[in-house]
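Quick notes on the structure that follows.
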Amino acid sequence: MTSPPAAGAAAGDAEVTWFRECFEALHGNIGRFVRGKPEVIRLALVCLAAEGHILIDDVPGVGKTSLAKAIASSIEGGLMRRIQFTPDLLPTDVTGVQIWNAESREFEFQPGAVFGNVVLADEINRASPKTQSALLEVMEERQVTTTDSIPYEVPRPFIVIATQNPVEHGGTYDLPEAQIDRFMARLHIGYPRYEAEVEILANGARGVTPRSLSPVVSISDVQRMTQIVRRIHLAPALLGYIVMIVSETRRIGELRLGVSPRGGMALAVAAQAHAAAAGRSFVKPEDVQALAPYVLGHRMLLRPEAELSGATSESLLGAIMTSMPVPDQRVSSY
């Protein structure tokens with residue numbers, strides 16, 4: 001692979017073509033195991049390329065863990081870590097701990113489970129708020145700061161895929177707003193269609209697992225993909241379009257909390273990754289529109305009376321998107 005161009009340079013056609021080839025190779029490889037969910041895989045890979053974290057809110061047994069394992073298995077040298085969140089999980093189990101070394105007579109940092117490329121935080125809402133908060137720094141800043149104020153960077157790329165069960169609420173803790181806001185997208189996998197479920201059962205009967213997948217890209221390839229994403233052209237008109245959308249969510253009476261600037265930034269970067277996956281070096285309004293429900297929906301928190309009246313974040317966002325003037329299609333010019 002040739003070395004990436006200098007930071008700040010716009011992504012060229014050859015780079016975008018290469019990006020799309022890597023993206024499609026990952027998509028096809030993961031699709032060999034995660035059957036019948038091509039759009040979910042595509043959205044997850046958009047987040048991977050944008051280095052954005054994913055919250056999968058769905059019932060047990062639909063493939064949340066399999067998706068994370070399949071992503072990690074498709075990356076050569078990719079390190080997956082799984083953290084089973086339980087009420088007795090400690091923050092140091094997640095981030096790491098300082099241990100006294102008698103020989104060197106000094107403390108040494110032992111990395112926790114969060115030091116990986118793909119970190120599966122399974123049933124994240126079953127851990128206490130204290131333990132959940134251990135993820136706040138690393139999800140935002142890609143580092144862990146110990147009690148002696150020394151920061152330790154996690155490997156790159158770094159993505160947290162967290163799951164929670166929307167049905168069983170016994171012994172769970174609601175994710176705080178600060179935690180929710182750190183997830184780039186919230187996805188729902190859903191039950192597979194008949195044909196896909198037959199294939200899933202056949203794979204299970206043959207003993208096929210995500211570890212059966214061969215890697216199709218390297219860690220350095222994924223790192224370069226994340227660099228290319230940041231250099232996909234995003235016209236000022238589209239930046240204004242995103243700001244108008246997120247600003248409008250803060251004015252709706254049905255919401256007690258609208259979308260933060262971090263949410264708008266996440267939508268912008270996700271749109272860049274979505275455009276690159278389509279083989280374009282520039283973002284279109286369609287990229288923003290396609291991703292807005294997944295990136296903004298979980299950041300829109302309804303008032304209790306609005307929920308009782310049947311309002312949803314999806315319906316409110318849909319109304320905003322419909323009423324918002326779309327920028328001129330000629331947004332690809334530099």
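Each chain in the structure tokens gets a letter, A, B and so on, in the order shown; residues start at 1 in every chain, and ligands are counted from 1 in the order they appear.
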
Exercise for review: Determine, counting only C-alpha atoms, which protein, DNA and RNA residues have an atom within 12 Å of an atom of Ser214 in chain A; residues of the same chain fewer than 2 positions away are not included. Present the result as a list in words.
Suggested key: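 Within the cut-off, the hits are Ala25, Leu26, Gly28, Asn29, Ile30, Arg32, Phe33, Lys69, Ala70, Ile71, Ala72, Ser73, Ser74, Ile75, Glu76, Gly77, Gly78, Thr209, Pro210, Arg211, Ser212, Val216, Val217 and Ser218 of chain A.
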
Could you take the residues named above and write them with N, CA and C atoms, as an mmCIF file, in the first residue's frame?
data_model
loop_
_atom_site.group_PDB
_atom_site.id
_atom_site.type_symbol
_atom_site.label_atom_id
_atom_site.label_comp_id
_atom_site.auth_asym_id
_atom_site.auth_seq_id
_atom_site.Cartn_x
_atom_site.Cartn_y
_atom_site.Cartn_z
ATOM 1 N N ALA A 25 -15.124 -5.423 0.573
ATOM 2 C CA ALA A 25 -14.521 -6.694 0.991
ATOM 3 C C ALA A 25 -14.923 -7.030 2.424
ATOM 4 N N LEU A 26 -14.884 -6.033 3.306
ATOM 5 C CA LEU A 26 -15.327 -6.246 4.677
ATOM 6 C C LEU A 26 -16.803 -6.620 4.733
ATOM 7 N N GLY A 28 -18.754 -7.959 2.427
ATOM 8 C CA GLY A 28 -19.023 -9.293 1.911
ATOM 9 C C GLY A 28 -18.558 -10.380 2.848
ATOM 10 N N ASN A 29 -17.405 -10.174 3.482
ATOM 11 C CA ASN A 29 -16.864 -11.177 4.389
ATOM 12 C C ASN A 29 -17.744 -11.341 5.621
ATOM 13 N N ILE A 30 -18.142 -10.225 6.215
ATOM 14 C CA ILE A 30 -19.006 -10.283 7.397
ATOM 15 C C ILE A 30 -20.365 -10.875 7.036
ATOM 16 N N ARG A 32 -21.009 -13.191 5.099
ATOM 17 C CA ARG A 32 -20.965 -14.652 5.006
ATOM 18 C C ARG A 32 -21.435 -15.305 6.294
ATOM 19 N N PHE A 33 -21.307 -14.586 7.412
ATOM 20 C CA PHE A 33 -21.733 -15.157 8.691
ATOM 21 C C PHE A 33 -22.986 -14.476 9.232
ATOM 22 N N LYS A 69 -17.849 -9.880 16.619
ATOM 23 C CA LYS A 69 -16.794 -10.867 16.387
ATOM 24 C C LYS A 69 -16.448 -10.966 14.905
ATOM 25 N N ALA A 70 -17.460 -10.886 14.043
ATOM 26 C CA ALA A 70 -17.215 -10.977 12.606
ATOM 27 C C ALA A 70 -16.407 -9.785 12.104
ATOM 28 N N ILE A 71 -16.665 -8.605 12.659
ATOM 29 C CA ILE A 71 -15.888 -7.414 12.283
ATOM 30 C C ILE A 71 -14.428 -7.611 12.686
ATOM 31 N N ALA A 72 -14.198 -8.049 13.924
ATOM 32 C CA ALA A 72 -12.834 -8.240 14.408
ATOM 33 C C ALA A 72 -12.112 -9.328 13.625
ATOM 34 N N SER A 73 -12.817 -10.423 13.292
ATOM 35 C CA SER A 73 -12.189 -11.535 12.564
ATOM 36 C C SER A 73 -11.839 -11.152 11.138
ATOM 37 N N SER A 74 -12.495 -10.125 10.595
ATOM 38 C CA SER A 74 -12.247 -9.706 9.215
ATOM 39 C C SER A 74 -11.041 -8.789 9.094
ATOM 40 N N ILE A 75 -10.459 -8.385 10.223
ATOM 41 C CA ILE A 75 -9.317 -7.476 10.230
ATOM 42 C C ILE A 75 -8.094 -8.231 10.720
ATOM 43 N N GLU A 76 -7.088 -8.330 9.885
ATOM 44 C CA GLU A 76 -5.881 -9.054 10.253
ATOM 45 C C GLU A 76 -5.165 -8.323 11.387
ATOM 46 N N GLY A 77 -4.951 -9.040 12.462
ATOM 47 C CA GLY A 77 -4.325 -8.428 13.629
ATOM 48 C C GLY A 77 -5.312 -7.689 14.499
ATOM 49 N N GLY A 78 -6.600 -7.712 14.129
ATOM 50 C CA GLY A 78 -7.612 -7.027 14.919
ATOM 51 C C GLY A 78 -7.840 -7.723 16.249
ATOM 52 N N THR A 209 -18.410 -20.480 12.923
ATOM 53 C CA THR A 209 -18.383 -19.374 13.886
ATOM 54 C C THR A 209 -17.714 -18.167 13.239
ATOM 55 N N PRO A 210 -17.823 -16.996 13.858
ATOM 56 C CA PRO A 210 -17.120 -15.828 13.302
ATOM 57 C C PRO A 210 -15.627 -16.042 13.156
ATOM 58 N N ARG A 211 -15.037 -16.894 14.000
ATOM 59 C CA ARG A 211 -13.600 -17.160 13.903
ATOM 60 C C ARG A 211 -13.257 -17.932 12.629
ATOM 61 N N SER A 212 -14.291 -18.482 11.974
ATOM 62 C CA SER A 212 -14.054 -19.186 10.713
ATOM 63 C C SER A 212 -13.752 -18.220 9.573
ATOM 64 N N VAL A 216 -9.710 -9.914 5.658
ATOM 65 C CA VAL A 216 -9.651 -9.403 4.277
ATOM 66 C C VAL A 216 -8.944 -8.055 4.209
ATOM 67 N N VAL A 217 -8.744 -7.405 5.353
ATOM 68 C CA VAL A 217 -7.973 -6.158 5.413
ATOM 69 C C VAL A 217 -7.074 -6.220 6.633
ATOM 70 N N SER A 218 -6.090 -5.343 6.663
ATOM 71 C CA SER A 218 -5.176 -5.274 7.799
ATOM 72 C C SER A 218 -5.536 -4.094 8.697
#

Check your understanding: Neighbours of Gly96 in chain A within 10 Å (only C-alpha atoms; same-chain residues fewer than 6 positions away dropped), as a VMD selection string?
Key -> chain A and resid 90 109 to 115 144 to 146

Review point. Quick one: residues within 8 Å of range 266-276 of chain A, only C-alpha atoms counted, chain neighbours fewer than 2 positions away excluded, as number ranges by chain?
Key: A: 16, 19-20, 46-47, 49-50, 52, 184, 229-230, 232-234, 239, 242, 262-264, 278-284, 287-288, 291-292, 295-296

Could the residues in this selection be saved with C-alpha atoms as an mmCIF file, in the first residue's frame?
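The file below, result37.cif, is the result:
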data_model
loop_
_atom_site.group_PDB
_atom_site.id
_atom_site.type_symbol
_atom_site.label_atom_id
_atom_site.label_comp_id
_atom_site.auth_asym_id
_atom_site.auth_seq_id
_atom_site.Cartn_x
_atom_site.Cartn_y
_atom_site.Cartn_z
ATOM 1 C CA VAL A 16 -11.836 6.627 -2.703
ATOM 2 C CA PHE A 19 -11.598 2.708 0.186
ATOM 3 C CA ARG A 20 -14.710 1.329 -1.488
ATOM 4 C CA VAL A 46 -19.615 3.204 8.323
ATOM 5 C CA CYS A 47 -19.125 3.677 12.063
ATOM 6 C CA ALA A 49 -14.489 3.795 9.166
ATOM 7 C CA ALA A 50 -15.546 6.929 11.044
ATOM 8 C CA GLY A 52 -17.641 5.935 15.906
ATOM 9 C CA MET A 184 -22.212 7.579 17.028
ATOM 10 C CA VAL A 229 -12.874 9.577 5.644
ATOM 11 C CA ARG A 230 -11.727 12.820 7.280
ATOM 12 C CA ILE A 232 -13.928 13.523 2.071
ATOM 13 C CA HIS A 233 -15.221 16.918 0.917
ATOM 14 C CA LEU A 234 -18.075 18.308 3.006
ATOM 15 C CA LEU A 239 -22.431 21.736 7.231
ATOM 16 C CA ILE A 242 -26.580 19.570 9.558
ATOM 17 C CA ARG A 262 -21.152 16.299 19.363
ATOM 18 C CA GLY A 263 -24.170 14.729 17.666
ATOM 19 C CA GLY A 264 -23.883 17.106 14.727
ATOM 20 C CA ALA A 278 -20.404 4.804 -2.154
ATOM 21 C CA GLY A 279 -17.217 5.632 -4.043
ATOM 22 C CA ARG A 280 -17.562 9.411 -3.849
ATOM 23 C CA SER A 281 -15.013 11.984 -2.746
ATOM 24 C CA PHE A 282 -17.757 14.372 -1.611
ATOM 25 C CA VAL A 283 -20.852 14.237 0.592
ATOM 26 C CA LYS A 284 -24.380 14.581 -0.788
ATOM 27 C CA ASP A 287 -25.759 10.792 2.906
ATOM 28 C CA VAL A 288 -26.924 13.058 5.722
ATOM 29 C CA LEU A 291 -27.785 8.438 8.499
ATOM 30 C CA ALA A 292 -29.692 11.032 10.523
ATOM 31 C CA VAL A 295 -27.040 9.093 14.504
ATOM 32 C CA LEU A 296 -29.504 11.601 15.947
#

Practice item. Compile the contact shell of range 190-203 of chain A as a list of chain:residue names: residues with an atom at most 6 Å away, counting only C-alpha atoms, same-chain residues fewer than 4 positions apart removed. Key: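 The filter keeps A:Arg35, A:Gly36, A:Val208.
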
Check your understanding: From the list A:Ala235, A:Leu89, A:Leu308, A:Ala44, which residue is nearest Ile189 in chain A when using only C-alpha atoms?
Key ->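 Residue with the minimum atom-to-atom distance to Ile189 in chain A: A:Ala44.
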
Point to revise | Atom-to-atom span, CA of Val222 in chain A and CA of Ala121 in chain A, Å | key: 21.2 Å

Check your understanding: Expressed in Å to a single decimal, how great is the separation between CA of Asp13 in chain A and CA of Met225 in chain A?
Key ->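 If I compute the distance from CA of Asp13 in chain A to CA of Met225 in chain A, I get 13.6 Å.
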
Using only C-alpha atoms, find each residue in range 293-316 of chain A having at least one atom no more than 9 Å away from range 244-259 of chain A; report its shortest atom-to-atom pair and that distance in Å (one decimal), rows by chain then rising number, as a Markdown table.
| residue | atom | partner | partner_atom | distance |
| --- | --- | --- | --- | --- |
| A:Leu296 | CA | A:Val259 | CA | 6.6 |
| A:Gly297 | CA | A:Val259 | CA | 8.6 |
| A:His298 | CA | A:Val259 | CA | 8.9 |
| A:Arg299 | CA | A:Val259 | CA | 5.5 |
| A:Met300 | CA | A:Gly258 | CA | 5.0 |
| A:Leu301 | CA | A:Leu257 | CA | 5.1 |
| A:Leu302 | CA | A:Leu255 | CA | 4.3 |
| A:Arg303 | CA | A:Arg256 | CA | 5.3 |
| A:Pro304 | CA | A:Glu254 | CA | 8.6 |
| A:Glu305 | CA | A:Glu254 | CA | 7.8 |
| A:Ala306 | CA | A:Glu254 | CA | 5.4 |
| A:Glu307 | CA | A:Glu254 | CA | 8.4 |
| A:Ala311 | CA | A:Glu254 | CA | 7.9 |
| A:Ser313 | CA | A:Leu255 | CA | 8.4 |
| A:Leu316 | CA | A:Thr249 | CA | 8.4 |

Practice item. Check the DSSP output for the backbone and give back, as a ChimeraX atom specification, the residues of range 42-245 of chain A in helix (DSSP H, G or I). Key: /A:42-49,64-73,91-95,124-126,129-132,134-141,177-180,194-205,210-212,219-229,236-245

Exercise for review: Excluding Arg82 in chain A and any residue of its chain fewer than 2 positions from it, enumerate the residues within 9 Å of it, using only C-alpha atoms, and give them as a list of chain:residue names.
Suggested key: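 Surrounding residues, per the criterion: A:Thr65, A:Met80, A:Gln84, A:Ala113, A:Val114, A:Val118, A:Val119, A:Leu120, A:Ala121, A:Asp122.
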
Would you write out those residues with N, CA and C atoms, as a PDB file, in the first residue's frame?
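Dumped to result-v8.pdb:
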ATOM      1  N   THR A  65     -23.536 -10.044  19.289  1.00  0.00           N
ATOM      2  CA  THR A  65     -22.166 -10.470  19.557  1.00  0.00           C
ATOM      3  C   THR A  65     -21.494 -10.989  18.294  1.00  0.00           C
ATOM      4  N   MET A  80     -10.134  -8.255  19.430  1.00  0.00           N
ATOM      5  CA  MET A  80     -11.465  -8.048  19.993  1.00  0.00           C
ATOM      6  C   MET A  80     -11.447  -8.360  21.476  1.00  0.00           C
ATOM      7  N   GLN A  84     -18.367  -8.523  29.732  1.00  0.00           N
ATOM      8  CA  GLN A  84     -19.724  -8.853  30.152  1.00  0.00           C
ATOM      9  C   GLN A  84     -20.085  -7.944  31.328  1.00  0.00           C
ATOM     10  N   ALA A 113      -9.793  -4.545  29.951  1.00  0.00           N
ATOM     11  CA  ALA A 113     -10.413  -5.165  28.780  1.00  0.00           C
ATOM     12  C   ALA A 113     -10.716  -4.171  27.668  1.00  0.00           C
ATOM     13  N   VAL A 114     -10.667  -2.885  27.962  1.00  0.00           N
ATOM     14  CA  VAL A 114     -11.003  -1.879  26.959  1.00  0.00           C
ATOM     15  C   VAL A 114      -9.879  -1.683  25.943  1.00  0.00           C
ATOM     16  N   VAL A 118     -11.778  -3.768  18.633  1.00  0.00           N
ATOM     17  CA  VAL A 118     -13.238  -3.875  18.686  1.00  0.00           C
ATOM     18  C   VAL A 118     -13.593  -4.365  20.084  1.00  0.00           C
ATOM     19  N   VAL A 119     -14.235  -3.512  20.866  1.00  0.00           N
ATOM     20  CA  VAL A 119     -14.579  -3.838  22.247  1.00  0.00           C
ATOM     21  C   VAL A 119     -16.090  -4.032  22.333  1.00  0.00           C
ATOM     22  N   LEU A 120     -16.496  -5.257  22.684  1.00  0.00           N
ATOM     23  CA  LEU A 120     -17.913  -5.551  22.854  1.00  0.00           C
ATOM     24  C   LEU A 120     -18.291  -5.355  24.315  1.00  0.00           C
ATOM     25  N   ALA A 121     -19.125  -4.360  24.587  1.00  0.00           N
ATOM     26  CA  ALA A 121     -19.637  -4.101  25.931  1.00  0.00           C
ATOM     27  C   ALA A 121     -21.025  -4.728  26.015  1.00  0.00           C
ATOM     28  N   ASP A 122     -21.066  -5.992  26.414  1.00  0.00           N
ATOM     29  CA  ASP A 122     -22.307  -6.761  26.368  1.00  0.00           C
ATOM     30  C   ASP A 122     -23.208  -6.410  27.557  1.00  0.00           C
TER      31      ASP A 122
END

Exercise for review: Have a look at A:Gln132, A:Glu103, A:Glu314, A:Gln289 and name the one nearest to Tyr241 in chain A; count only C-alpha atoms.
Suggested key: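 Nearest candidate to Tyr241 in chain A out of A:Gln132, A:Glu103, A:Glu314, A:Gln289: A:Gln289.
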
Check your understanding: Which value, in Å to one decimal, gives the distance between CA of Leu79 in chain A and CA of Pro157 in chain A?
Key ->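 Atom-to-atom, CA of Leu79 in chain A and CA of Pro157 in chain A are spaced 10.0 Å apart.
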
Practice item. Within range 48-253 of chain A, find each residue whose DSSP state, derived from the backbone, is strand (DSSP E or B), and express the selection as an NGL selection string. Key: :A and (53-57 or 75-76 or 80-84 or 96-101 or 106-111 or 118-122 or 143-145 or 151-153 or 159-164 or 183-187 or 217-218 or 233)

**Study point:** Which of A:Ser104, A:Thr95, A:Val326, A:Leu55 sits closest to Pro151 in chain A [using only C-alpha atoms]
**Key:**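 Among A:Ser104, A:Thr95, A:Val326, A:Leu55, it is A:Thr95 that comes nearest to Pro151 in chain A.
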
Point to revise | Using only C-alpha atoms: which of A:Val40, A:Arg224, A:Arg126, A:Asp148 has the shortest distance to Tyr294 in chain A | key: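 Counting only C-alpha atoms, the residue closest to Tyr294 in chain A is A:Val40.
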
Review point. Which of these residues is nearest to Arg156 in chain A, using only C-alpha atoms: A:Leu48, A:Leu135, A:Val62, A:Ile124?
Key: A:Leu48
